[in-house]
$ cat structure33.cif   # mmCIF, C-alpha atoms
data_target
loop_
_atom_site.label_atom_id
_atom_site.label_comp_id
_atom_site.auth_asym_id
_atom_site.auth_seq_id
_atom_site.Cartn_x
_atom_site.Cartn_y
_atom_site.Cartn_z
CA MET A 131 -68.55 -13.83 75.62
CA LYS A 132 -68.90 -10.20 74.69
CA LEU A 133 -65.11 -9.77 74.86
CA ASN A 134 -64.60 -12.58 72.42
CA MET A 135 -67.05 -11.09 69.97
CA ALA A 136 -65.31 -7.71 70.23
CA GLU A 137 -62.00 -9.31 69.42
CA GLU A 138 -63.42 -10.93 66.30
CA GLU A 139 -63.06 -8.89 63.11
CA ASP A 140 -66.03 -7.02 61.83
CA TYR A 141 -66.59 -7.93 58.19
CA MET A 142 -68.53 -4.71 57.70
CA SER A 143 -65.73 -2.47 58.99
CA ASP A 144 -63.50 -0.15 56.87
CA SER A 145 -60.63 -2.59 57.04
CA PHE A 146 -62.53 -4.89 54.67
CA ILE A 147 -64.52 -2.39 52.66
CA ASN A 148 -61.69 0.03 51.77
CA VAL A 149 -59.13 -2.58 50.76
CA GLN A 150 -57.57 -1.48 47.44
CA GLN A 151 -56.75 -4.32 45.13
CA ASP A 152 -53.89 -4.17 42.58
CA ILE A 153 -55.93 -3.79 39.41
CA ARG A 154 -53.36 -1.98 37.24
CA PRO A 155 -54.13 -2.48 33.52
CA GLY A 156 -51.83 -4.83 31.62
CA LEU A 157 -50.21 -6.38 34.71
CA PRO A 158 -51.28 -9.98 33.95
CA MET A 159 -49.96 -9.61 30.38
CA LEU A 160 -46.53 -8.44 31.62
CA ARG A 161 -46.28 -11.42 33.91
CA GLN A 162 -47.12 -13.77 31.05
CA ILE A 163 -44.43 -12.16 28.84
CA ARG A 164 -41.77 -12.47 31.56
CA GLU A 165 -42.68 -16.08 32.13
CA ALA A 166 -42.49 -16.83 28.39
CA ARG A 167 -39.06 -15.24 28.18
CA ARG A 168 -37.76 -17.29 31.11
CA LYS A 169 -39.02 -20.48 29.49
CA GLU A 170 -37.43 -19.54 26.16
CA GLU A 171 -34.05 -18.83 27.79
CA LYS A 172 -34.15 -22.16 29.64
CA GLN A 173 -35.01 -23.94 26.40
CA GLN A 174 -32.10 -22.29 24.57
CA GLU A 175 -29.67 -23.30 27.33
CA ALA A 176 -30.92 -26.86 27.16
CA ASN A 177 -30.56 -26.90 23.36
CA LEU A 178 -26.96 -25.67 23.60
CA LYS A 179 -26.10 -28.40 26.08
CA ASN A 180 -27.79 -31.17 24.10
CA ARG A 181 -26.78 -29.97 20.63
CA GLN A 182 -24.57 -32.38 18.77
CA LYS A 183 -21.36 -30.74 17.63
CA SER A 184 -20.43 -30.83 13.97
CA LEU A 185 -17.39 -32.67 12.67
CA LYS A 186 -15.50 -29.41 12.02
CA GLU A 187 -16.16 -28.18 15.54
CA GLU A 188 -14.94 -31.43 17.05
CA GLU A 189 -11.80 -31.32 14.92
CA GLN A 190 -11.16 -27.72 15.95
CA GLU A 191 -11.54 -28.57 19.64
CA ARG A 192 -9.20 -31.57 19.40
CA ARG A 193 -6.69 -29.48 17.45
CA ASP A 194 -6.75 -26.66 20.01
CA ILE A 195 -6.29 -29.13 22.87
CA GLY A 196 -3.41 -30.82 21.07
CA LEU A 197 -1.66 -27.53 20.29
CA LYS A 198 -1.98 -26.32 23.87
CA ASN A 199 -0.32 -29.40 25.32
CA ALA A 200 3.43 -29.88 24.99
CA LEU A 201 4.81 -33.05 23.44
CA GLY A 202 5.58 -35.81 25.85
CA CYS A 203 7.91 -38.81 25.87
CA GLU A 204 5.20 -40.94 24.25
CA ASN A 205 5.68 -38.94 21.02
CA LYS A 206 8.18 -40.79 18.81
CA GLY A 207 9.66 -37.64 17.27
CA PHE A 208 10.17 -36.05 20.67
CA ALA A 209 11.71 -39.27 22.00
CA LEU A 210 14.23 -39.28 19.11
CA LEU A 211 15.16 -35.68 19.85
CA GLN A 212 15.75 -36.52 23.50
CA LYS A 213 18.04 -39.38 22.52
CA MET A 214 20.10 -36.89 20.52
CA GLY A 215 20.47 -34.64 23.57
CA TYR A 216 17.53 -32.30 23.13
CA LYS A 217 15.87 -30.89 26.26
CA SER A 218 12.40 -29.33 26.54
CA GLY A 219 12.51 -25.55 26.01
CA GLN A 220 15.91 -25.67 24.30
CA ALA A 221 16.46 -24.05 20.89
CA LEU A 222 17.09 -26.29 17.91
CA GLY A 223 20.41 -26.55 16.12
CA LYS A 224 23.88 -27.72 16.99
CA SER A 225 24.82 -24.35 18.41
CA GLY A 226 21.40 -23.70 19.91
CA ASP A 227 20.54 -20.72 17.70
CA GLY A 228 17.43 -22.24 16.08
CA ILE A 229 13.77 -21.76 16.88
CA VAL A 230 12.33 -22.53 20.32
CA GLU A 231 8.61 -22.60 19.53
CA PRO A 232 7.26 -24.90 16.82
CA ILE A 233 6.16 -23.50 13.48
CA PRO A 234 2.56 -22.30 13.83
CA LEU A 235 -0.14 -24.32 12.14
CA ASN A 236 -2.24 -22.50 9.56
CA VAL A 237 -5.35 -24.53 8.78
CA LYS A 238 -6.83 -24.01 5.34
CA THR A 239 -10.61 -24.06 5.60
CA GLY A 240 -11.65 -22.88 2.14
CA LYS A 241 -11.99 -24.89 -1.07
CA SER A 242 -9.66 -22.74 -3.18
CA GLY A 243 -6.38 -24.10 -4.44
CA LEU A 244 -2.94 -23.43 -3.03
CA GLY A 245 -1.70 -19.94 -3.74
CA HIS A 246 -5.18 -18.54 -4.34
CA GLU A 247 -5.11 -16.36 -1.24
CA ALA A 248 -1.71 -14.97 -2.23
CA LEU A 249 -3.12 -14.21 -5.69
CA LEU A 250 -6.08 -12.36 -4.19
CA LYS A 251 -3.73 -10.42 -1.92
CA ARG A 252 -1.48 -9.49 -4.85
CA LYS A 253 -4.47 -8.34 -6.91
CA ALA A 254 -5.75 -6.24 -4.02
CA GLU A 255 -2.32 -4.62 -3.62
CA GLU A 256 -2.14 -3.93 -7.37
CA LYS A 257 -5.61 -2.39 -7.29
CA LEU A 258 -4.65 -0.24 -4.33
CA GLU A 259 -1.41 0.86 -6.02
CA SER A 260 -3.34 1.69 -9.21
CA TYR A 261 -5.78 3.79 -7.19
CA ARG A 262 -2.92 5.60 -5.44
CA ARG A 263 -1.21 6.23 -8.79
CA LYS A 264 -4.46 7.66 -10.18
CA ILE A 265 -4.82 9.96 -7.17
CA ARG A 266 -1.21 11.12 -7.56
CA MET A 267 -1.76 11.86 -11.24
CA GLN A 268 -4.92 13.83 -10.45
CA ASN A 269 -3.08 15.83 -7.80
CA GLN A 270 -0.21 16.52 -10.18
CA ALA A 271 -2.64 17.61 -12.90
CA GLU A 272 -4.39 19.95 -10.46
CA GLU A 273 -1.07 21.40 -9.30
CA THR A 274 0.06 21.88 -12.90
CA ALA A 275 -3.21 23.59 -13.82
CA ALA A 276 -2.95 25.85 -10.77
CA GLU A 277 0.68 26.72 -11.61
CA GLN A 278 -0.24 27.51 -15.22
CA PHE A 279 -3.07 29.72 -14.01
CA ARG A 280 -0.71 31.57 -11.69
CA LEU A 281 1.80 32.04 -14.51
CA ARG A 282 -0.89 33.32 -16.88
CA PHE A 283 -2.20 35.69 -14.22
CA LYS A 284 1.30 36.92 -13.43
CA HIS A 285 2.07 37.34 -17.13
CA LYS A 286 -1.13 39.32 -17.61
CA HIS A 287 -0.37 41.42 -14.56
CA ASP A 288 3.15 42.08 -15.84
CA GLU A 289 1.77 43.10 -19.25
CA VAL A 290 -0.66 45.54 -17.66
CA LYS A 291 2.14 47.00 -15.55
CA LEU A 292 4.44 47.36 -18.58
CA GLU A 293 1.70 49.10 -20.57
CA GLY A 294 1.12 51.50 -17.68
CA ASP A 295 4.86 52.27 -17.44
CA LEU A 296 5.00 52.83 -21.20
CA ARG A 297 2.09 55.30 -21.11
CA ARG A 298 3.71 57.20 -18.23
CA SER A 299 6.98 57.31 -20.20
CA GLN A 300 5.20 58.59 -23.30
CA ARG A 301 3.45 61.36 -21.37
CA ALA A 302 6.72 62.35 -19.66
CA CYS A 303 8.57 62.29 -22.98
CA ARG A 304 6.04 64.60 -24.64
CA GLN A 305 6.13 67.01 -21.73
CA LEU A 306 9.93 67.10 -21.53
CA ASP A 307 10.33 67.39 -25.30
CA THR A 308 7.86 70.27 -25.35
CA GLN A 309 9.81 72.04 -22.62
CA LYS A 310 12.89 71.85 -24.87
CA ASN A 311 10.86 73.15 -27.84
CA ILE A 312 11.01 69.80 -29.63
CA GLN A 313 7.93 69.85 -31.83
CA VAL A 314 8.32 66.42 -33.43
CA PRO A 315 9.28 63.33 -31.42
CA ARG A 316 12.16 61.16 -32.50
CA GLU A 317 9.67 58.36 -33.13
CA ALA A 318 5.91 58.75 -33.39
CA TRP A 319 5.23 56.29 -30.61
CA TYR A 320 7.48 58.26 -28.20
CA TRP A 321 4.49 60.52 -27.52
CA LEU A 322 1.20 59.16 -26.24
CA GLY A 323 -1.58 59.36 -28.89
CA LEU A 324 0.66 60.76 -31.61
CA GLU A 325 1.60 57.51 -33.30
CA GLU A 326 -1.83 56.90 -34.83
CA GLU A 327 -2.07 60.47 -36.12
CA THR A 328 1.31 60.54 -37.87
CA GLU A 329 1.47 56.96 -39.09
CA GLU A 330 -0.16 57.64 -42.45
CA GLU A 331 1.77 60.88 -42.99
CA GLU A 332 5.13 59.18 -42.44
CA GLU A 333 4.27 56.45 -44.92
CA GLU A 334 3.48 59.07 -47.61
CA GLU A 335 6.49 61.32 -46.94
CA LYS A 336 9.29 58.79 -46.93
CA GLU A 337 10.06 55.16 -47.36
CA PRO A 338 11.59 53.40 -44.32
CA GLU A 339 15.24 52.50 -44.57
CA GLU A 340 16.45 48.93 -44.11
CA ASP A 341 17.85 49.51 -40.62
CA GLU A 342 14.75 51.32 -39.36
CA TYR A 343 12.11 49.43 -37.39
CA LYS A 344 8.38 49.92 -37.17
CA SER A 345 6.65 50.41 -33.83
CA GLU A 346 4.32 47.49 -34.45
CA ASP A 347 7.33 45.20 -34.72
CA LEU A 348 8.36 46.06 -31.17
CA SER A 349 6.91 44.57 -28.01
CA VAL A 350 5.75 46.69 -25.08
CA LEU A 351 8.88 45.78 -23.13
CA GLU A 352 11.16 46.76 -26.01
CA LYS A 353 9.38 50.08 -26.44
CA LEU A 354 9.66 50.77 -22.71
CA GLN A 355 13.38 49.99 -22.70
CA ILE A 356 14.04 52.25 -25.70
CA LEU A 357 11.93 55.11 -24.38
CA THR A 358 13.30 55.04 -20.83
CA GLY A 359 16.80 54.97 -22.28
CA TYR A 360 15.96 58.03 -24.37
CA LEU A 361 14.56 59.86 -21.32
CA ARG A 362 17.69 59.10 -19.30
CA GLU A 363 20.09 60.14 -22.05
CA GLU A 364 18.23 63.16 -23.40
CA HIS A 365 16.44 64.54 -20.34
CA LEU A 366 18.25 62.83 -17.41
CA TYR A 367 14.82 61.67 -16.26
CA CYS A 368 13.77 58.41 -14.57
CA ILE A 369 10.05 57.57 -14.64
CA TRP A 370 10.29 55.25 -11.60
CA CYS A 371 12.09 57.87 -9.51
CA GLY A 372 9.87 60.60 -10.97
CA THR A 373 12.85 62.95 -10.92
CA ALA A 374 14.83 64.89 -13.49
CA TYR A 375 18.47 64.91 -12.38
CA GLU A 376 20.96 67.72 -12.86
CA ASP A 377 23.62 65.78 -14.71
CA LYS A 378 24.69 62.26 -15.58
CA GLU A 379 26.76 61.90 -12.42
CA ASP A 380 23.76 62.84 -10.30
CA LEU A 381 21.64 60.35 -12.24
CA SER A 382 24.09 57.45 -11.86
CA SER A 383 24.70 58.08 -8.15
CA ASN A 384 21.12 58.65 -6.98
CA CYS A 385 19.02 56.53 -9.34
CA PRO A 386 18.97 52.79 -8.47
CA GLY A 387 18.96 51.70 -12.11
CA PRO A 388 17.33 51.86 -15.54
CA THR A 389 14.65 49.19 -14.90
CA SER A 390 11.59 48.81 -12.70
CA ALA A 391 13.15 45.84 -10.88
CA ASP A 392 16.01 48.09 -9.73
CA HIS A 393 13.49 50.26 -7.92
CA ASP A 394 11.70 47.44 -6.01
#
$ encode --input "structure33.cif" --output "structure tokens"
Amino acid sequence: MKLNMAEEEDYMSDSFINVQQDIRPGLPMLRQIREARRKEEKQQEANLKNRQKSLKEEEQERRDIGLKNALGCENKGFALLQKMGYKSGQALGKSGDGIVEPIPLNVKTGKSGLGHEALLKRKAEEKLESYRRKIRMQNQAEETAAEQFRLRFKHKHDEVKLEGDLRRSQRACRQLDTQKNIQVPREAWYWLGLEEETEEEEEEEKEPEEDEYKSEDLSVLEKLQILTGYLREEHLYCIWCGTAYEDKEDLSSNCPGPTSADHD
């Protein structure tokens, strides 16, 4: 009797008192959400099975089935072809160089008239071509503007270089003329800074002849060409070489040429 009582569970023991129940917060709500989702999915599946197909969908299904299946002998057109010697899979034509597969079927689903899609396509292509033409014109305009800027910059740079060469030539001319005891330059602008001082005096002393030219009528390049020619002839001097040669033979044999480009 005592053994049986010992084997029975003690309801006051730790095995009953310390049992930890699953009391996590929100657990019943999660179970309800999962159950609702399962019911909704089952309902959607049932609706898809029981949904009545529209007329367009039924036509599409019948058309797809018909296009997938090859024509049989029950088709009158196919039967006529067989009577004329046609065999399934053979190309059309007397010499057998025609098409093998039938012409694909393009179903028109919209309400627009015939040729409307081609019109829309042509308009889209014209719009695209107009956009491309506009982009090309913009690019050409940008390239032209950039080229003009480069030309203007180069022209300005060339002008600055010519003015610098002319000033060097004028200083060299004054120095070389002074060494030869030449007190008055051949032209006032041959010497740097002397042209402005003697301009008024020359106008008072004499009137210019018809074949004479004024310095203001000459460009910087023309002045440089005249002055460098004078330095080479009179003093055997080249401003780009920076050398006074002994004679004309020495000048012609050792100097590359009478211009700046010859010395590049």
$ resolve_selection --input "structure33.cif" --expression "the PyMOL selection byres ((chain A and resi 367) around 12)" --output "PyMOL selection string"
chain A and resi 299+302-303+305-307+357-366+368-378+380-382+384-385+387-388
$ atom_distance --input "structure33.cif" --atom1 "atom CA of A:Glu175" --atom2 "atom CA of A:Gln190"
22.2 Å
$ atom_distance --input "structure33.cif" --atom1 "atom CA of A:Val350" --atom2 "atom CA of A:Asp295"
9.5 Å
$ residues_around --input "structure33.cif" --residues "A:Pro232" --least-positions-apart "5" --cutoff "12 Å" --atoms "all atoms listed in the file" --output "list in words"
Leu197, Lys198, Ala200, Leu201, Ser218, Gly219, Gln220, Ala221 and Leu222 of chain A
$ decode --input "structure33.cif" --residues "stretch 220-234 of chain A" --atoms "N, CA, C and O atoms" --output "JSON list (two decimals), in the first residue's frame"
[["chain", "number", "residue", "atom", "x", "y", "z"],
["A", 220, "GLN", "N", 6.57, 19.39, -96.01],
["A", 220, "GLN", "CA", 7.20, 19.74, -97.29],
["A", 220, "GLN", "C", 7.00, 21.22, -97.58],
["A", 220, "GLN", "O", 5.99, 21.83, -97.19],
["A", 221, "ALA", "N", 7.98, 21.85, -98.25],
["A", 221, "ALA", "CA", 7.87, 23.26, -98.61],
["A", 221, "ALA", "C", 6.89, 23.42, -99.76],
["A", 221, "ALA", "O", 6.71, 22.53, -100.59],
["A", 222, "LEU", "N", 6.23, 24.57, -99.81],
["A", 222, "LEU", "CA", 5.28, 24.85, -100.87],
["A", 222, "LEU", "C", 6.00, 25.18, -102.18],
["A", 222, "LEU", "O", 7.19, 25.47, -102.19],
["A", 223, "GLY", "N", 5.25, 25.17, -103.25],
["A", 223, "GLY", "CA", 5.81, 25.51, -104.55],
["A", 223, "GLY", "C", 6.10, 24.29, -105.39],
["A", 223, "GLY", "O", 6.30, 23.18, -104.89],
["A", 224, "LYS", "N", 6.11, 24.51, -106.71],
["A", 224, "LYS", "CA", 6.35, 23.42, -107.64],
["A", 224, "LYS", "C", 7.75, 22.82, -107.47],
["A", 224, "LYS", "O", 7.95, 21.60, -107.53],
["A", 225, "SER", "N", 8.71, 23.73, -107.22],
["A", 225, "SER", "CA", 10.08, 23.26, -107.05],
["A", 225, "SER", "C", 10.47, 23.05, -105.59],
["A", 225, "SER", "O", 11.61, 22.70, -105.29],
["A", 226, "GLY", "N", 9.51, 23.26, -104.69],
["A", 226, "GLY", "CA", 9.77, 23.04, -103.27],
["A", 226, "GLY", "C", 10.63, 24.09, -102.61],
["A", 226, "GLY", "O", 11.32, 23.80, -101.62],
["A", 227, "ASP", "N", 10.63, 25.32, -103.12],
["A", 227, "ASP", "CA", 11.43, 26.39, -102.53],
["A", 227, "ASP", "C", 10.58, 27.41, -101.79],
["A", 227, "ASP", "O", 11.04, 28.51, -101.49],
["A", 228, "GLY", "N", 9.34, 27.08, -101.49],
["A", 228, "GLY", "CA", 8.45, 27.99, -100.77],
["A", 228, "GLY", "C", 8.60, 27.86, -99.26],
["A", 228, "GLY", "O", 9.54, 27.26, -98.75],
["A", 229, "ILE", "N", 7.63, 28.40, -98.54],
["A", 229, "ILE", "CA", 7.70, 28.39, -97.08],
["A", 229, "ILE", "C", 7.28, 27.02, -96.57],
["A", 229, "ILE", "O", 6.52, 26.28, -97.21],
["A", 230, "VAL", "N", 7.80, 26.66, -95.39],
["A", 230, "VAL", "CA", 7.46, 25.40, -94.74],
["A", 230, "VAL", "C", 6.43, 25.62, -93.65],
["A", 230, "VAL", "O", 5.43, 24.91, -93.56],
["A", 231, "GLU", "N", 6.66, 26.64, -92.82],
["A", 231, "GLU", "CA", 5.74, 26.98, -91.74],
["A", 231, "GLU", "C", 4.69, 27.94, -92.25],
["A", 231, "GLU", "O", 4.95, 28.77, -93.13],
["A", 232, "PRO", "N", 3.48, 27.87, -91.72],
["A", 232, "PRO", "CA", 2.43, 28.80, -92.15],
["A", 232, "PRO", "C", 2.73, 30.23, -91.72],
["A", 232, "PRO", "O", 3.54, 30.47, -90.82],
["A", 233, "ILE", "N", 2.09, 31.17, -92.38],
["A", 233, "ILE", "CA", 2.28, 32.58, -92.04],
["A", 233, "ILE", "C", 1.74, 32.81, -90.63],
["A", 233, "ILE", "O", 0.63, 32.40, -90.31],
["A", 234, "PRO", "N", 2.52, 33.44, -89.75],
["A", 234, "PRO", "CA", 2.06, 33.64, -88.37],
["A", 234, "PRO", "C", 0.83, 34.53, -88.31],
["A", 234, "PRO", "O", 0.64, 35.43, -89.15]]
